[in-house]
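query-v4.csv follows; it contains CSV, C-alpha atoms.
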chain,number,residue,atom,x,y,z
A,8,MET,CA,0.0,0.0,0.0
A,9,PRO,CA,1.5,3.4,-1.0
A,10,PRO,CA,2.2,5.8,1.8
A,11,THR,CA,-0.4,8.5,2.4
A,12,ILE,CA,0.5,12.1,1.9
A,13,SER,CA,-0.5,14.6,4.6
A,14,ALA,CA,-1.5,18.2,3.9
A,15,TYR,CA,1.9,19.3,5.3
A,16,GLN,CA,3.7,17.0,2.9
A,17,ALA,CA,1.5,18.2,0.0
A,18,ALA,CA,2.5,21.8,0.7
A,19,TYR,CA,6.2,20.8,0.9
A,20,ILE,CA,5.9,19.0,-2.5
A,21,GLY,CA,4.2,22.0,-4.0
A,22,ILE,CA,6.9,24.4,-3.0
A,23,GLU,CA,9.6,22.0,-4.2
A,24,VAL,CA,8.0,21.6,-7.6
A,25,LEU,CA,7.8,25.4,-7.8
A,26,ILE,CA,11.5,25.7,-7.1
A,27,ALA,CA,12.3,23.1,-9.7
A,28,LEU,CA,10.1,24.9,-12.3
A,29,VAL,CA,12.1,28.1,-11.7
A,30,SER,CA,15.6,26.4,-11.4
A,31,VAL,CA,15.6,24.2,-14.4
A,32,PRO,CA,14.5,26.7,-17.1
A,33,GLY,CA,16.6,29.5,-15.5
A,34,ASN,CA,19.8,27.6,-15.5
A,35,VAL,CA,19.2,26.1,-19.0
A,36,LEU,CA,18.9,29.7,-20.1
A,37,VAL,CA,22.3,30.5,-18.5
A,38,ILE,CA,23.9,27.6,-20.4
A,39,TRP,CA,22.1,28.6,-23.6
A,40,ALA,CA,23.3,32.2,-23.2
A,41,VAL,CA,27.0,31.1,-22.9
A,42,LYS,CA,26.5,28.9,-26.0
A,43,VAL,CA,25.1,31.7,-28.3
A,44,ASN,CA,27.2,34.7,-27.1
A,45,GLN,CA,30.8,34.6,-28.0
A,46,ALA,CA,31.5,37.4,-25.4
A,47,LEU,CA,30.5,34.8,-22.7
A,48,ARG,CA,33.2,32.3,-23.7
A,49,ASP,CA,36.0,33.1,-21.2
A,50,ALA,CA,37.0,30.9,-18.3
A,51,THR,CA,34.8,32.6,-15.7
A,52,PHE,CA,31.6,31.9,-17.8
A,53,CYS,CA,32.8,28.3,-18.4
A,54,PHE,CA,32.9,27.8,-14.6
A,55,ILE,CA,29.4,29.5,-14.4
A,56,VAL,CA,28.1,26.9,-16.9
A,57,SER,CA,29.5,24.1,-14.6
A,58,LEU,CA,27.6,25.7,-11.7
A,59,ALA,CA,24.5,26.0,-13.8
A,60,VAL,CA,24.7,22.3,-14.8
A,61,ALA,CA,24.8,21.4,-11.1
A,62,ASP,CA,21.8,23.7,-10.5
A,63,VAL,CA,19.8,22.1,-13.4
A,64,ALA,CA,20.5,18.7,-11.8
A,65,VAL,CA,19.3,19.9,-8.4
A,66,GLY,CA,16.0,20.9,-10.0
A,67,ALA,CA,15.7,17.9,-12.3
A,68,LEU,CA,17.1,15.1,-10.0
A,69,VAL,CA,17.7,16.2,-6.4
A,70,ILE,CA,14.3,17.8,-5.8
A,71,PRO,CA,12.3,14.8,-7.2
A,72,LEU,CA,14.5,12.5,-5.0
A,73,ALA,CA,13.9,14.8,-2.0
A,74,ILE,CA,10.2,14.5,-2.6
A,75,LEU,CA,10.5,10.8,-2.7
A,76,ILE,CA,12.4,10.7,0.6
A,77,ASN,CA,9.9,13.0,2.2
A,78,VAL,CA,7.1,10.6,1.3
A,79,GLY,CA,9.2,7.9,3.0
A,80,PRO,CA,8.9,4.8,0.9
A,81,GLN,CA,10.1,1.4,2.3
A,82,THR,CA,13.4,0.5,0.5
A,83,TYR,CA,16.6,-1.5,0.9
A,84,PHE,CA,19.3,0.4,2.8
A,85,HIS,CA,21.7,0.8,-0.2
A,86,THR,CA,18.8,1.9,-2.5
A,87,CYS,CA,18.0,4.7,-0.1
A,88,LEU,CA,21.7,5.5,0.2
A,89,MET,CA,21.9,5.9,-3.6
A,90,VAL,CA,18.9,8.3,-3.5
A,91,ALA,CA,20.6,10.4,-0.8
A,92,CYS,CA,24.1,10.8,-2.4
A,93,PRO,CA,23.3,13.0,-5.5
A,94,VAL,CA,22.7,16.1,-3.4
A,95,LEU,CA,26.1,15.6,-1.8
A,96,ILE,CA,27.8,15.4,-5.2
A,97,LEU,CA,26.0,18.4,-6.6
A,98,THR,CA,26.6,20.6,-3.5
A,99,GLN,CA,30.3,19.8,-3.7
A,100,SER,CA,30.4,20.6,-7.4
A,101,SER,CA,28.8,24.0,-6.8
A,102,ILE,CA,31.3,24.8,-4.0
A,103,LEU,CA,34.3,23.9,-6.2
A,104,ALA,CA,32.8,25.8,-9.2
A,105,LEU,CA,32.4,28.9,-7.0
A,106,LEU,CA,36.0,28.5,-5.8
A,107,ALA,CA,37.2,28.2,-9.4
A,108,ILE,CA,35.3,31.3,-10.3
A,109,ALA,CA,36.9,33.2,-7.3
A,110,MET,CA,40.4,32.1,-8.3
A,111,ASP,CA,39.7,33.1,-11.9
A,112,ARG,CA,38.6,36.6,-10.9
A,113,TYR,CA,41.7,36.9,-8.7
A,114,LEU,CA,44.0,36.0,-11.6
A,115,ARG,CA,42.3,38.5,-13.8
A,116,VAL,CA,43.1,41.4,-11.5
A,117,LYS,CA,46.4,40.1,-10.2
A,118,ILE,CA,48.1,39.3,-13.6
A,119,PRO,CA,45.9,41.1,-16.3
A,120,LEU,CA,48.7,41.1,-18.8
A,121,ARG,CA,49.5,37.4,-18.5
A,122,TYR,CA,46.0,36.2,-17.7
A,123,LYS,CA,45.1,34.8,-21.1
A,124,THR,CA,48.4,32.8,-21.3
A,125,VAL,CA,47.9,31.4,-17.8
A,126,VAL,CA,44.1,30.6,-17.9
A,127,THR,CA,43.7,28.9,-21.3
A,128,PRO,CA,40.5,27.1,-22.4
A,129,ARG,CA,42.3,23.7,-22.0
A,130,ARG,CA,43.3,24.5,-18.4
A,131,ALA,CA,39.8,25.7,-17.6
A,132,ALA,CA,38.3,22.4,-19.0
A,133,VAL,CA,40.8,20.4,-16.9
A,134,ALA,CA,39.8,22.4,-13.8
A,135,ILE,CA,36.1,21.8,-14.4
A,136,ALA,CA,36.7,18.1,-15.0
A,137,GLY,CA,38.8,18.0,-11.8
A,138,CYS,CA,36.0,19.7,-9.8
A,139,TRP,CA,33.4,17.1,-10.9
A,140,ILE,CA,35.7,14.1,-10.3
A,141,LEU,CA,36.5,15.4,-6.8
A,142,SER,CA,32.8,16.1,-6.2
A,143,LEU,CA,32.0,12.5,-7.1
A,144,VAL,CA,34.6,11.2,-4.7
A,145,VAL,CA,33.4,13.3,-1.8
A,146,GLY,CA,29.7,12.8,-2.5
A,147,LEU,CA,30.0,9.0,-3.0
A,148,THR,CA,32.1,8.5,0.1
A,149,PRO,CA,29.0,7.2,2.0
A,150,MET,CA,28.6,4.5,-0.6
A,151,PHE,CA,32.1,3.3,0.2
A,152,GLY,CA,31.2,2.5,3.8
A,153,TRP,CA,30.9,5.8,5.8
A,154,ASN,CA,27.2,5.4,6.5
A,155,ASN,CA,24.7,4.1,9.1
A,156,LEU,CA,24.5,0.5,7.9
A,157,ARG,CA,25.9,-1.0,11.1
A,158,GLU,CA,23.4,0.8,13.3
A,159,VAL,CA,20.5,-0.2,11.0
A,160,GLU,CA,21.7,-3.8,10.8
A,161,ARG,CA,21.8,-4.1,14.6
A,162,ALA,CA,18.2,-2.8,14.8
A,163,TRP,CA,17.2,-5.1,11.9
A,164,GLU,CA,18.7,-8.2,13.5
A,165,ALA,CA,17.3,-7.3,17.0
A,166,ASN,CA,13.9,-7.7,15.4
A,167,GLY,CA,14.8,-11.2,14.2
A,168,SER,CA,15.0,-10.2,10.5
A,169,THR,CA,17.7,-11.4,8.1
A,170,GLY,CA,19.1,-10.2,4.8
A,171,GLU,CA,19.7,-6.6,3.7
A,172,PRO,CA,17.7,-4.2,6.0
A,173,VAL,CA,14.5,-2.7,4.6
A,174,ILE,CA,13.9,0.8,6.0
A,175,LYS,CA,11.8,3.9,5.7
A,176,CYS,CA,14.0,5.9,3.4
A,177,GLU,CA,15.2,9.1,5.2
A,178,PHE,CA,18.4,11.1,4.7
A,179,GLU,CA,19.5,10.9,8.4
A,180,LYS,CA,18.8,7.2,8.6
A,181,VAL,CA,21.4,6.3,6.0
A,182,ILE,CA,23.9,9.2,6.0
A,183,SER,CA,26.2,9.4,9.0
A,184,MET,CA,26.2,12.7,10.8
A,185,GLU,CA,29.9,12.2,11.5
A,186,TYR,CA,30.4,12.2,7.8
A,187,MET,CA,28.2,15.2,7.2
A,188,VAL,CA,29.8,17.4,10.0
A,189,TYR,CA,33.5,16.3,10.3
A,190,PHE,CA,34.1,15.4,6.6
A,191,ASN,CA,31.6,17.2,4.5
A,192,PHE,CA,31.1,20.5,6.4
A,193,PHE,CA,34.4,20.9,8.3
A,194,VAL,CA,36.6,19.8,5.4
A,195,TRP,CA,34.8,20.4,2.1
A,196,VAL,CA,32.3,23.2,2.8
A,197,LEU,CA,33.5,25.6,5.5
A,198,PRO,CA,37.2,25.9,4.5
A,199,PRO,CA,36.4,26.6,0.8
A,200,LEU,CA,33.8,29.2,1.8
A,201,LEU,CA,36.3,31.0,4.1
A,202,LEU,CA,38.9,30.8,1.4
A,203,MET,CA,36.6,32.4,-1.1
A,204,VAL,CA,35.8,35.2,1.3
A,205,LEU,CA,39.5,35.9,1.6
A,206,ILE,CA,40.0,35.7,-2.2
A,207,TYR,CA,37.2,38.2,-2.9
A,208,LEU,CA,38.5,40.6,-0.2
A,209,GLU,CA,41.9,40.5,-1.9
A,210,VAL,CA,40.2,41.0,-5.4
A,211,PHE,CA,38.4,44.1,-4.1
A,212,TYR,CA,41.6,45.4,-2.5
A,213,LEU,CA,43.6,44.9,-5.7
A,214,ILE,CA,40.9,46.6,-7.9
A,215,ARG,CA,40.7,49.6,-5.6
A,216,LYS,CA,44.4,49.8,-5.5
A,217,GLN,CA,44.8,49.7,-9.3
A,218,LEU,CA,41.9,52.2,-9.8
A,219,ASN,CA,43.6,54.7,-7.5
A,220,LYS,CA,47.1,54.2,-9.0
A,221,LYS,CA,45.7,54.0,-12.6
A,222,VAL,CA,48.2,51.2,-13.6
A,223,SER,CA,48.0,50.3,-17.3
A,224,ALA,CA,46.1,47.1,-18.1
A,225,SER,CA,45.4,44.9,-21.0
A,226,SER,CA,42.2,46.6,-21.9
A,227,GLY,CA,43.8,50.0,-22.6
A,228,ASP,CA,41.9,52.3,-20.2
A,229,PRO,CA,42.6,51.1,-16.6
A,230,GLN,CA,39.5,52.9,-15.3
A,231,LYS,CA,37.3,51.0,-17.7
A,232,TYR,CA,39.1,47.6,-17.3
A,233,TYR,CA,39.1,47.6,-13.5
A,234,GLY,CA,35.7,49.3,-13.2
A,235,LYS,CA,34.3,46.4,-15.2
A,236,GLU,CA,36.2,43.9,-13.1
A,237,LEU,CA,34.8,45.5,-10.0
A,238,LYS,CA,31.2,45.2,-11.2
A,239,ILE,CA,31.6,41.5,-12.2
A,240,ALA,CA,33.4,40.7,-8.9
A,241,LYS,CA,30.6,42.3,-6.9
A,242,SER,CA,28.0,40.2,-8.8
A,243,LEU,CA,30.0,36.9,-8.3
A,244,ALA,CA,30.6,37.7,-4.6
A,245,LEU,CA,26.8,38.1,-4.3
A,246,ILE,CA,26.4,34.6,-5.7
A,247,LEU,CA,28.8,33.3,-3.1
A,248,PHE,CA,27.0,35.2,-0.3
A,249,LEU,CA,23.6,33.7,-1.4
A,250,PHE,CA,25.1,30.2,-1.5
A,251,ALA,CA,26.5,30.5,2.0
A,252,LEU,CA,23.2,32.0,3.3
A,253,SER,CA,21.3,29.1,1.7
A,254,TRP,CA,23.5,26.2,2.8
A,255,LEU,CA,24.9,27.2,6.2
A,256,PRO,CA,21.6,26.8,8.1
A,257,LEU,CA,21.2,23.1,7.1
A,258,HIS,CA,24.8,22.4,8.1
A,259,ILE,CA,24.3,24.2,11.4
A,260,LEU,CA,21.3,21.9,12.0
A,261,ASN,CA,23.5,18.9,11.2
A,262,CYS,CA,26.0,20.1,13.8
A,263,ILE,CA,23.2,20.4,16.4
A,264,THR,CA,22.0,16.8,15.5
A,265,LEU,CA,25.5,15.4,16.1
A,266,PHE,CA,26.6,17.4,19.1
A,267,CYS,CA,23.3,17.8,20.8
A,268,PRO,CA,21.2,14.7,20.0
A,269,SER,CA,18.6,15.6,22.7
A,270,CYS,CA,18.1,19.1,21.3
A,271,ASN,CA,14.7,19.6,19.7
A,272,LYS,CA,14.7,20.7,16.1
A,273,PRO,CA,11.3,22.0,14.9
A,274,ASN,CA,10.2,20.4,11.7
A,275,SER,CA,9.4,23.9,10.3
A,276,LEU,CA,13.0,24.9,10.8
A,277,ILE,CA,14.2,21.8,9.0
A,278,TYR,CA,11.9,22.4,6.0
A,279,ILE,CA,13.0,26.1,5.8
A,280,ALA,CA,16.6,25.0,5.7
A,281,ILE,CA,15.9,22.4,2.9
A,282,PHE,CA,13.9,25.0,0.9
A,283,LEU,CA,16.9,27.4,1.2
A,284,THR,CA,19.3,24.8,-0.2
A,285,HIS,CA,17.1,23.9,-3.1
A,286,GLY,CA,16.0,27.4,-3.7
A,287,ASN,CA,19.7,28.5,-4.1
A,288,SER,CA,19.7,26.7,-7.5
A,289,ALA,CA,17.0,29.1,-8.7
A,290,MET,CA,18.7,32.3,-7.5
A,291,ASN,CA,21.8,32.5,-9.7
A,292,PRO,CA,20.1,33.1,-13.1
A,293,ILE,CA,18.1,36.0,-11.4
A,294,VAL,CA,21.3,37.5,-10.2
A,295,TYR,CA,23.0,37.2,-13.6
A,296,ALA,CA,20.0,38.8,-15.3
A,297,PHE,CA,20.0,41.8,-13.0
A,298,ARG,CA,23.7,42.3,-12.3
A,299,ILE,CA,25.6,41.2,-15.4
A,300,GLN,CA,24.8,43.1,-18.6
A,301,LYS,CA,26.2,40.5,-21.0
A,302,PHE,CA,23.8,37.9,-19.6
A,303,ARG,CA,20.8,40.3,-19.5
A,304,VAL,CA,21.3,41.3,-23.2
A,305,THR,CA,21.7,37.6,-24.2
A,306,PHE,CA,18.6,36.5,-22.2
A,307,LEU,CA,16.6,39.2,-23.9
A,308,LYS,CA,17.9,38.2,-27.4
A,309,ILE,CA,17.0,34.5,-26.7
A,310,TRP,CA,13.6,35.5,-25.6
A,311,ASN,CA,12.9,37.8,-28.6
A,312,ASP,CA,14.3,35.2,-31.1
A,313,HIS,CA,12.7,32.1,-29.7
A,314,PHE,CA,9.8,32.8,-27.4
A,315,ARG,CA,8.3,36.2,-28.0
A,316,CYS,CA,5.0,36.1,-30.0
A,317,ARG,CA,5.2,38.3,-33.1
A,318,ALA,CA,2.2,39.5,-34.9
A,319,ARG,CA,2.2,38.6,-38.6
A,320,PRO,CA,2.6,41.5,-40.9
A,321,PRO,CA,-0.8,42.6,-42.3
A,322,SER,CA,-1.5,41.1,-45.7
A,323,ASP,CA,-3.9,42.8,-48.2
A,324,PRO,CA,-5.7,40.2,-50.3
A,325,GLU,CA,-6.9,42.8,-52.7
A,326,LEU,CA,-3.6,44.2,-53.9
A,327,PRO,CA,-4.0,46.0,-57.3
A,328,GLU,CA,-2.8,44.0,-60.2
A,329,ASP,CA,-0.1,45.3,-62.4
A,330,ARG,CA,-1.7,46.5,-65.6
A,331,PRO,CA,0.0,47.8,-68.7
A,332,ASP,CA,-0.4,51.5,-69.2
A,333,ASP,CA,-3.2,52.4,-71.5
Serialized structure, structure tokens:
Amino acid sequence: MPPTISAYQAAYIGIEVLIALVSVPGNVLVIWAVKVNQALRDATFCFIVSLAVADVAVGALVIPLAILINVGPQTYFHTCLMVACPVLILTQSSILALLAIAMDRYLRVKIPLRYKTVVTPRRAAVAIAGCWILSLVVGLTPMFGWNNLREVERAWEANGSTGEPVIKCEFEKVISMEYMVYFNFFVWVLPPLLLMVLIYLEVFYLIRKQLNKKVSASSGDPQKYYGKELKIAKSLALILFLFALSWLPLHILNCITLFCPSCNKPNSLIYIAIFLTHGNSAMNPIVYAFRIQKFRVTFLKIWNDHFRCRARPPSDPELPEDRPDD
């Protein structure tokens, strides 16, 4: 018999579906914009595409799986573990893409004259591939043994059952909180976020310093070059801020779960934290549209070329026929 869905769960599912309907088209539009606009082909925007791919996957894969987990079907332990791991992979991919973007902006203002020889398309592609491979390793670590299988097996055997445990599929039931806090948060989330904050602080310092000194740059006019870099850096720093704001609450709740098991966590707080993490995947295209002119112009071009309804030019069925002069 399929599990019944409460009104609370129905509201949760409705909000998740709404987030997915914003996230997937928005991030597909970002990828499309980079594809059609040659001005969006440098390394930074390649890393932005990698981030957008992860956000598309959140909307198309992670949110449906989160809805499935929320319904709580009875599954084998490792089946539930496979359902829980994609969000870990995609979160790590987003963090590493943000770190690559920060490093790229730093190099643009630190070595503007040598930037194009240092950050080549080939090296950018290698960096993106490396980010995804590392994300797979970090996100799939629970599949390699760092999970709650032993605890679940003990409870399973205590009931006199044999074989692989069948459980109500829930994230915290299969994913170890020691993994989530000590390995995922303290090693692969918090240090990169702190490093990115330091990088952007250094980027802003270097830009302000160069604007004041008016040092020559590769784009001719230093005011124009570094002014443009400042605007883009502010937009990308905003993306980082929104990511941290969206993901830190859930990680803080994980810390509370590990270090204070007896502490009560209201379900409403947990749901808000989950909505923030998933909603973050829908925020970036909105920021790009409002803050980065190249994206805004390209989005409008795509809309006008492919989606805008155009009225057909009026046709006059009674056009006068050409007649020879009398």
Write out as a ChimeraX atom specification the residues lying within 9 Å of Pro292 in chain A, counting only C-alpha atoms and excluding same-chain residues fewer than 4 positions away.
-> /A:30,33-34,36-37,59,288,296-297,302
Could you give me, as CSV, a per-residue list for range 189-257 of chain A showing, wherever an atom lies at most 12 Å from an atom of range 105-110 of chain A, the closest pair of atoms and their distance in Å to one decimal, using all atoms listed in the file and sorting by chain then residue number from low to high?
residue,atom,partner,partner_atom,distance
A:Trp195,CA,A:Leu106,CA,11.4
A:Val196,CA,A:Leu106,CA,10.8
A:Leu197,CA,A:Leu106,CA,11.9
A:Pro198,CA,A:Leu106,CA,10.7
A:Pro199,CA,A:Leu106,CA,6.9
A:Leu200,CA,A:Leu106,CA,7.9
A:Leu201,CA,A:Leu106,CA,10.2
A:Leu202,CA,A:Leu106,CA,8.1
A:Met203,CA,A:Leu106,CA,6.1
A:Val204,CA,A:Ala109,CA,8.9
A:Leu205,CA,A:Ala109,CA,9.7
A:Ile206,CA,A:Ala109,CA,6.5
A:Tyr207,CA,A:Ala109,CA,6.7
A:Leu208,CA,A:Ala109,CA,10.4
A:Glu209,CA,A:Ala109,CA,10.4
A:Val210,CA,A:Ala109,CA,8.7
A:Phe211,CA,A:Ala109,CA,11.5
A:Ile239,CA,A:Ala109,CA,11.0
A:Ala240,CA,A:Ala109,CA,8.4
A:Lys241,CA,A:Ala109,CA,11.1
A:Ser242,CA,A:Ala109,CA,11.4
A:Leu243,CA,A:Ala109,CA,7.9
A:Ala244,CA,A:Ala109,CA,8.2
A:Leu245,CA,A:Leu105,CA,11.1
A:Ile246,CA,A:Leu105,CA,8.4
A:Leu247,CA,A:Leu105,CA,6.9
A:Phe248,CA,A:Leu105,CA,10.7
A:Leu249,CA,A:Leu105,CA,11.5
A:Phe250,CA,A:Leu105,CA,9.2
A:Ala251,CA,A:Leu105,CA,10.9
note - CA of Leu213 in chain A and CA of Lys123 in chain A are separated by 18.5 Å
Choose the residue, out of A:Ile174, A:Ala40, A:Val181, A:Val116, that has the smallest atom-to-atom separation from Trp310 in chain A; count all atoms listed in the file.
->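 For Trp310 in chain A, the nearest of the candidates is A:Ala40.
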Would you mind telling me which residue in A:Val43, A:Ile299, A:Ala289, A:Ile140 lies nearest to Leu25 in chain A when using only C-alpha atoms?
-> A:Ala289
Could I see range 273-296 of chain A restored to N, CA and C atoms, set down as an mmCIF file, in the coordinates of the input?
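Once written, out.cif looks like this:
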data_model
loop_
_atom_site.group_PDB
_atom_site.id
_atom_site.type_symbol
_atom_site.label_atom_id
_atom_site.label_comp_id
_atom_site.auth_asym_id
_atom_site.auth_seq_id
_atom_site.Cartn_x
_atom_site.Cartn_y
_atom_site.Cartn_z
ATOM 1 N N PRO A 273 12.654 21.935 15.492
ATOM 2 C CA PRO A 273 11.300 22.000 14.900
ATOM 3 C C PRO A 273 11.304 21.629 13.442
ATOM 4 N N ASN A 274 10.280 20.877 13.059
ATOM 5 C CA ASN A 274 10.200 20.400 11.700
ATOM 6 C C ASN A 274 10.126 21.629 10.703
ATOM 7 N N SER A 275 9.466 22.711 11.142
ATOM 8 C CA SER A 275 9.400 23.900 10.300
ATOM 9 C C SER A 275 10.742 24.464 9.971
ATOM 10 N N LEU A 276 11.641 24.427 10.960
ATOM 11 C CA LEU A 276 13.000 24.900 10.800
ATOM 12 C C LEU A 276 13.764 24.056 9.771
ATOM 13 N N ILE A 277 13.577 22.756 9.873
ATOM 14 C CA ILE A 277 14.200 21.800 9.000
ATOM 15 C C ILE A 277 13.752 22.051 7.525
ATOM 16 N N TYR A 278 12.440 22.223 7.369
ATOM 17 C CA TYR A 278 11.900 22.400 6.000
ATOM 18 C C TYR A 278 12.383 23.753 5.436
ATOM 19 N N ILE A 279 12.465 24.801 6.255
ATOM 20 C CA ILE A 279 13.000 26.100 5.800
ATOM 21 C C ILE A 279 14.412 25.947 5.283
ATOM 22 N N ALA A 280 15.236 25.206 6.057
ATOM 23 C CA ALA A 280 16.600 25.000 5.700
ATOM 24 C C ALA A 280 16.725 24.224 4.362
ATOM 25 N N ILE A 281 15.861 23.231 4.187
ATOM 26 C CA ILE A 281 15.900 22.400 2.900
ATOM 27 C C ILE A 281 15.425 23.321 1.765
ATOM 28 N N PHE A 282 14.381 24.134 1.966
ATOM 29 C CA PHE A 282 13.900 25.000 0.900
ATOM 30 C C PHE A 282 15.026 26.006 0.489
ATOM 31 N N LEU A 283 15.783 26.495 1.463
ATOM 32 C CA LEU A 283 16.900 27.400 1.200
ATOM 33 C C LEU A 283 17.929 26.743 0.277
ATOM 34 N N THR A 284 18.296 25.502 0.625
ATOM 35 C CA THR A 284 19.300 24.800 -0.200
ATOM 36 C C THR A 284 18.878 24.569 -1.587
ATOM 37 N N HIS A 285 17.651 24.125 -1.743
ATOM 38 C CA HIS A 285 17.100 23.900 -3.100
ATOM 39 C C HIS A 285 16.860 25.164 -3.834
ATOM 40 N N GLY A 286 16.348 26.167 -3.106
ATOM 41 C CA GLY A 286 16.000 27.400 -3.700
ATOM 42 C C GLY A 286 17.257 28.173 -4.246
ATOM 43 N N ASN A 287 18.425 27.889 -3.652
ATOM 44 C CA ASN A 287 19.700 28.500 -4.100
ATOM 45 C C ASN A 287 19.921 28.249 -5.591
ATOM 46 N N SER A 288 19.516 27.077 -6.068
ATOM 47 C CA SER A 288 19.700 26.700 -7.500
ATOM 48 C C SER A 288 18.928 27.601 -8.419
ATOM 49 N N ALA A 289 17.861 28.229 -7.897
ATOM 50 C CA ALA A 289 17.000 29.100 -8.700
ATOM 51 C C ALA A 289 17.473 30.566 -8.645
ATOM 52 N N MET A 290 18.344 30.898 -7.680
ATOM 53 C CA MET A 290 18.700 32.300 -7.500
ATOM 54 C C MET A 290 19.719 32.816 -8.496
ATOM 55 N N ASN A 291 20.677 31.978 -8.889
ATOM 56 C CA ASN A 291 21.800 32.500 -9.700
ATOM 57 C C ASN A 291 21.351 33.103 -11.034
ATOM 58 N N PRO A 292 20.463 32.461 -11.817
ATOM 59 C CA PRO A 292 20.100 33.100 -13.100
ATOM 60 C C PRO A 292 19.431 34.483 -12.861
ATOM 61 N N ILE A 293 18.719 34.660 -11.737
ATOM 62 C CA ILE A 293 18.100 36.000 -11.400
ATOM 63 C C ILE A 293 19.186 36.996 -11.187
ATOM 64 N N VAL A 294 20.226 36.594 -10.435
ATOM 65 C CA VAL A 294 21.300 37.500 -10.200
ATOM 66 C C VAL A 294 22.053 37.877 -11.469
ATOM 67 N N TYR A 295 22.311 36.876 -12.320
ATOM 68 C CA TYR A 295 23.000 37.200 -13.600
ATOM 69 C C TYR A 295 22.172 38.142 -14.421
ATOM 70 N N ALA A 296 20.849 37.943 -14.454
ATOM 71 C CA ALA A 296 20.000 38.800 -15.300
ATOM 72 C C ALA A 296 20.006 40.243 -14.822
#
